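**Q** The structure under discussion is supplied below as structure tokens; questions concerning it will follow.
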Amino acid sequence: MRKILLTTILLLCAVVLRAQGVVSWHLLTDDGKAVPVRNVVCLMLVDYEILDQSDTKRFNVVMADGNVLKYIKSVNFAEREEDDEPLAVSSAIEAACSLSFSMLPRDTKVQVFSADGKLLRQAEAQKVDISGLPSGTYVIKIGKTTVKMLKK
């Protein structure tokens, strides 16, 4: 009887906390950073193995505000209490040949613009080839989110 009562109380507390928005799903990176899932636009795999000669694939977590968590090896998802802990983020990504996306909603457009605003590439695919672009600074638009890219 005590177990049932205790379980019921814990469940009730969890429901109340979730209803108040205190607990939500977070994406947890391999280095301990937590991002509320509602703030994540997509995961972007870039060709870091070409950039740093590493045999480990790494990716970026692109957030709705245009910031990026870079060089992530893996993520998990977990429910956590909300916290406003600032994240060490970057406003630019680096790539050499291609960009691959996951977790993108269906029909999300990915566009690559030059620094002066000229549309260079557009796709509704999970992968965008940027190998033909010269080295320089570009703007990637993923749906409504904009991120700066440095092409090597």
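Lettering and numbering for the structure tokens are positional, with chains as A, B, ... in the shown order, residues counted from 1 in each chain, and ligands counted from 1 in the shown order.
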Just the residues within 12 Å of Thr29 of chain A, please, counting only C-alpha atoms, with nothing from its chain fewer than 3 positions along; format it as a ChimeraX atom specification.
**A** /A:26,32-37,43,58-61,69-78,87
**Q** With N, CA and C atoms retained, could you export that selection as an mmCIF file, in the first residue's frame?
**A**
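Output file result-v1.cif is given in full below:
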```cif
data_model
loop_
_atom_site.group_PDB
_atom_site.id
_atom_site.type_symbol
_atom_site.label_atom_id
_atom_site.label_comp_id
_atom_site.auth_asym_id
_atom_site.auth_seq_id
_atom_site.Cartn_x
_atom_site.Cartn_y
_atom_site.Cartn_z
ATOM 1 N N HIS A 26 14.967 17.587 -23.142
ATOM 2 C CA HIS A 26 16.206 18.259 -23.504
ATOM 3 C C HIS A 26 17.069 17.330 -24.342
ATOM 4 N N GLY A 32 27.879 17.241 -21.829
ATOM 5 C CA GLY A 32 27.043 17.675 -20.718
ATOM 6 C C GLY A 32 26.178 18.895 -20.953
ATOM 7 N N LYS A 33 26.168 19.448 -22.154
ATOM 8 C CA LYS A 33 25.322 20.606 -22.432
ATOM 9 C C LYS A 33 23.890 20.135 -22.657
ATOM 10 N N ALA A 34 22.933 20.910 -22.180
ATOM 11 C CA ALA A 34 21.520 20.558 -22.332
ATOM 12 C C ALA A 34 20.796 21.675 -23.074
ATOM 13 N N VAL A 35 20.065 21.303 -24.118
ATOM 14 C CA VAL A 35 19.303 22.262 -24.904
ATOM 15 C C VAL A 35 17.857 21.789 -24.928
ATOM 16 N N PRO A 36 16.897 22.639 -24.521
ATOM 17 C CA PRO A 36 15.493 22.227 -24.638
ATOM 18 C C PRO A 36 15.183 21.862 -26.089
ATOM 19 N N VAL A 37 14.515 20.755 -26.303
ATOM 20 C CA VAL A 37 14.228 20.266 -27.653
ATOM 21 C C VAL A 37 13.475 21.322 -28.461
ATOM 22 N N LEU A 43 20.036 18.756 -36.459
ATOM 23 C CA LEU A 43 21.421 18.332 -36.279
ATOM 24 C C LEU A 43 22.063 18.407 -37.658
ATOM 25 N N ARG A 58 31.703 14.276 -36.419
ATOM 26 C CA ARG A 58 31.126 15.184 -35.432
ATOM 27 C C ARG A 58 30.066 16.012 -36.130
ATOM 28 N N PHE A 59 29.174 16.590 -35.344
ATOM 29 C CA PHE A 59 28.099 17.372 -35.943
ATOM 30 C C PHE A 59 27.814 18.600 -35.108
ATOM 31 N N ASN A 60 26.941 19.442 -35.641
ATOM 32 C CA ASN A 60 26.513 20.668 -34.978
ATOM 33 C C ASN A 60 25.058 20.526 -34.573
ATOM 34 N N VAL A 61 24.686 21.172 -33.487
ATOM 35 C CA VAL A 61 23.299 21.294 -33.093
ATOM 36 C C VAL A 61 22.903 22.729 -33.420
ATOM 37 N N LEU A 69 25.887 24.669 -31.429
ATOM 38 C CA LEU A 69 26.809 23.901 -30.595
ATOM 39 C C LEU A 69 27.650 23.090 -31.565
ATOM 40 N N LYS A 70 28.966 23.266 -31.532
ATOM 41 C CA LYS A 70 29.844 22.648 -32.521
ATOM 42 C C LYS A 70 30.605 21.455 -31.971
ATOM 43 N N TYR A 71 31.043 20.599 -32.902
ATOM 44 C CA TYR A 71 31.933 19.464 -32.635
ATOM 45 C C TYR A 71 31.342 18.459 -31.642
ATOM 46 N N ILE A 72 30.064 18.171 -31.759
ATOM 47 C CA ILE A 72 29.380 17.233 -30.869
ATOM 48 C C ILE A 72 29.543 15.817 -31.427
ATOM 49 N N LYS A 73 29.874 14.851 -30.552
ATOM 50 C CA LYS A 73 30.034 13.453 -30.968
ATOM 51 C C LYS A 73 28.717 12.687 -30.877
ATOM 52 N N SER A 74 27.929 12.945 -29.816
ATOM 53 C CA SER A 74 26.691 12.187 -29.633
ATOM 54 C C SER A 74 25.719 12.978 -28.768
ATOM 55 N N VAL A 75 24.441 12.606 -28.876
ATOM 56 C CA VAL A 75 23.410 13.235 -28.050
ATOM 57 C C VAL A 75 22.479 12.170 -27.502
ATOM 58 N N ASN A 76 21.833 12.504 -26.410
ATOM 59 C CA ASN A 76 20.766 11.706 -25.825
ATOM 60 C C ASN A 76 19.612 12.650 -25.559
ATOM 61 N N PHE A 77 18.458 12.102 -25.273
ATOM 62 C CA PHE A 77 17.309 12.915 -24.922
ATOM 63 C C PHE A 77 16.847 12.522 -23.531
ATOM 64 N N ALA A 78 16.499 13.515 -22.723
ATOM 65 C CA ALA A 78 16.049 13.237 -21.360
ATOM 66 C C ALA A 78 15.151 14.366 -20.895
ATOM 67 N N LEU A 87 24.791 28.543 -22.566
ATOM 68 C CA LEU A 87 25.589 27.563 -23.268
ATOM 69 C C LEU A 87 26.725 28.260 -24.003
#
```
**Q** Out of A:Ser131, A:Ser24, A:Asn67, A:Thr145, which residue has the shortest atom-to-atom distance to Cys97 of chain A when counting only C-alpha atoms?
**A**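 The shortest atom-to-atom distance to Cys97 of chain A comes from A:Ser131.
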**Q** Can you measure atom CA of Ser135 of chain A to atom CA of Met44 of chain A for me? One decimal in Å is fine.
**A**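 If I compute the distance from atom CA of Ser135 of chain A to atom CA of Met44 of chain A, I get 19.3 Å.
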**Q** Excluding Val40 of chain A and its own-chain neighbours fewer than 2 positions away, which residues fall within 7 Å of it when counting only C-alpha atoms? Please give them as an mmCIF file with C-alpha atoms, in the first residue's frame.
**A**
```cif
data_model
loop_
_atom_site.group_PDB
_atom_site.id
_atom_site.type_symbol
_atom_site.label_atom_id
_atom_site.label_comp_id
_atom_site.auth_asym_id
_atom_site.auth_seq_id
_atom_site.Cartn_x
_atom_site.Cartn_y
_atom_site.Cartn_z
ATOM 1 C CA VAL A 37 14.228 20.266 -27.653
ATOM 2 C CA ARG A 38 11.878 23.104 -28.558
ATOM 3 C CA CYS A 42 18.213 20.289 -36.574
ATOM 4 C CA VAL A 61 23.299 21.294 -33.093
ATOM 5 C CA VAL A 62 21.565 24.233 -34.813
ATOM 6 C CA MET A 63 19.297 26.200 -32.490
ATOM 7 C CA ALA A 64 16.280 28.350 -33.371
#
```
**Q** Neighbours of Leu99 of chain A within 12 Å (only C-alpha atoms; same-chain residues fewer than 2 positions away dropped), as a ChimeraX atom specification?
**A** /A:42-48,58-60,93-97,101-102,110-112,121,123,125-131,140,142,149,151
**Q** Could the residues in this selection be written to a file with C-alpha atoms, as a PDB file, in the first residue's frame?
**A**
```pdb
ATOM      1  CA  CYS A  42      18.213  20.289 -36.574  1.00  0.00           C
ATOM      2  CA  LEU A  43      21.421  18.332 -36.279  1.00  0.00           C
ATOM      3  CA  MET A  44      23.921  19.191 -39.035  1.00  0.00           C
ATOM      4  CA  LEU A  45      26.694  16.792 -39.990  1.00  0.00           C
ATOM      5  CA  VAL A  46      29.617  18.466 -41.710  1.00  0.00           C
ATOM      6  CA  ASP A  47      32.771  17.001 -43.161  1.00  0.00           C
ATOM      7  CA  TYR A  48      35.068  17.622 -40.170  1.00  0.00           C
ATOM      8  CA  ARG A  58      31.126  15.184 -35.432  1.00  0.00           C
ATOM      9  CA  PHE A  59      28.099  17.372 -35.943  1.00  0.00           C
ATOM     10  CA  ASN A  60      26.513  20.668 -34.978  1.00  0.00           C
ATOM     11  CA  ILE A  93      29.960  26.607 -38.584  1.00  0.00           C
ATOM     12  CA  GLU A  94      32.885  25.388 -40.679  1.00  0.00           C
ATOM     13  CA  ALA A  95      32.588  22.984 -43.604  1.00  0.00           C
ATOM     14  CA  ALA A  96      34.449  21.895 -46.717  1.00  0.00           C
ATOM     15  CA  CYS A  97      32.289  19.759 -49.032  1.00  0.00           C
ATOM     16  CA  PHE A 101      20.773  17.359 -41.817  1.00  0.00           C
ATOM     17  CA  SER A 102      18.660  15.255 -39.501  1.00  0.00           C
ATOM     18  CA  VAL A 110      17.781  24.669 -46.888  1.00  0.00           C
ATOM     19  CA  GLN A 111      19.292  27.616 -48.746  1.00  0.00           C
ATOM     20  CA  VAL A 112      22.901  28.723 -49.123  1.00  0.00           C
ATOM     21  CA  ARG A 121      22.062  26.544 -53.481  1.00  0.00           C
ATOM     22  CA  ALA A 123      17.331  22.021 -51.456  1.00  0.00           C
ATOM     23  CA  ALA A 125      16.938  17.290 -49.142  1.00  0.00           C
ATOM     24  CA  GLN A 126      18.873  15.937 -46.190  1.00  0.00           C
ATOM     25  CA  LYS A 127      22.197  16.772 -47.871  1.00  0.00           C
ATOM     26  CA  VAL A 128      23.547  19.896 -49.600  1.00  0.00           C
ATOM     27  CA  ASP A 129      26.705  19.765 -51.729  1.00  0.00           C
ATOM     28  CA  ILE A 130      28.891  22.840 -51.221  1.00  0.00           C
ATOM     29  CA  SER A 131      32.070  21.437 -52.793  1.00  0.00           C
ATOM     30  CA  ILE A 140      22.771  29.029 -44.476  1.00  0.00           C
ATOM     31  CA  ILE A 142      17.316  26.356 -42.555  1.00  0.00           C
ATOM     32  CA  MET A 149      29.121  29.224 -42.494  1.00  0.00           C
ATOM     33  CA  LYS A 151      33.752  27.364 -46.184  1.00  0.00           C
TER      34      LYS A 151
END
```
**Q** Quick one: pull the distance between atom CA of Val147 of chain A and atom CA of Ala92 of chain A, Å, one decimal.
**A**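 Computing it gives 6.2 Å between the two atoms.
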**Q** To one decimal place, how far is atom CA of Gly136 of chain A from atom CA of Gln122 of chain A in Å?
**A** 18.0 Å
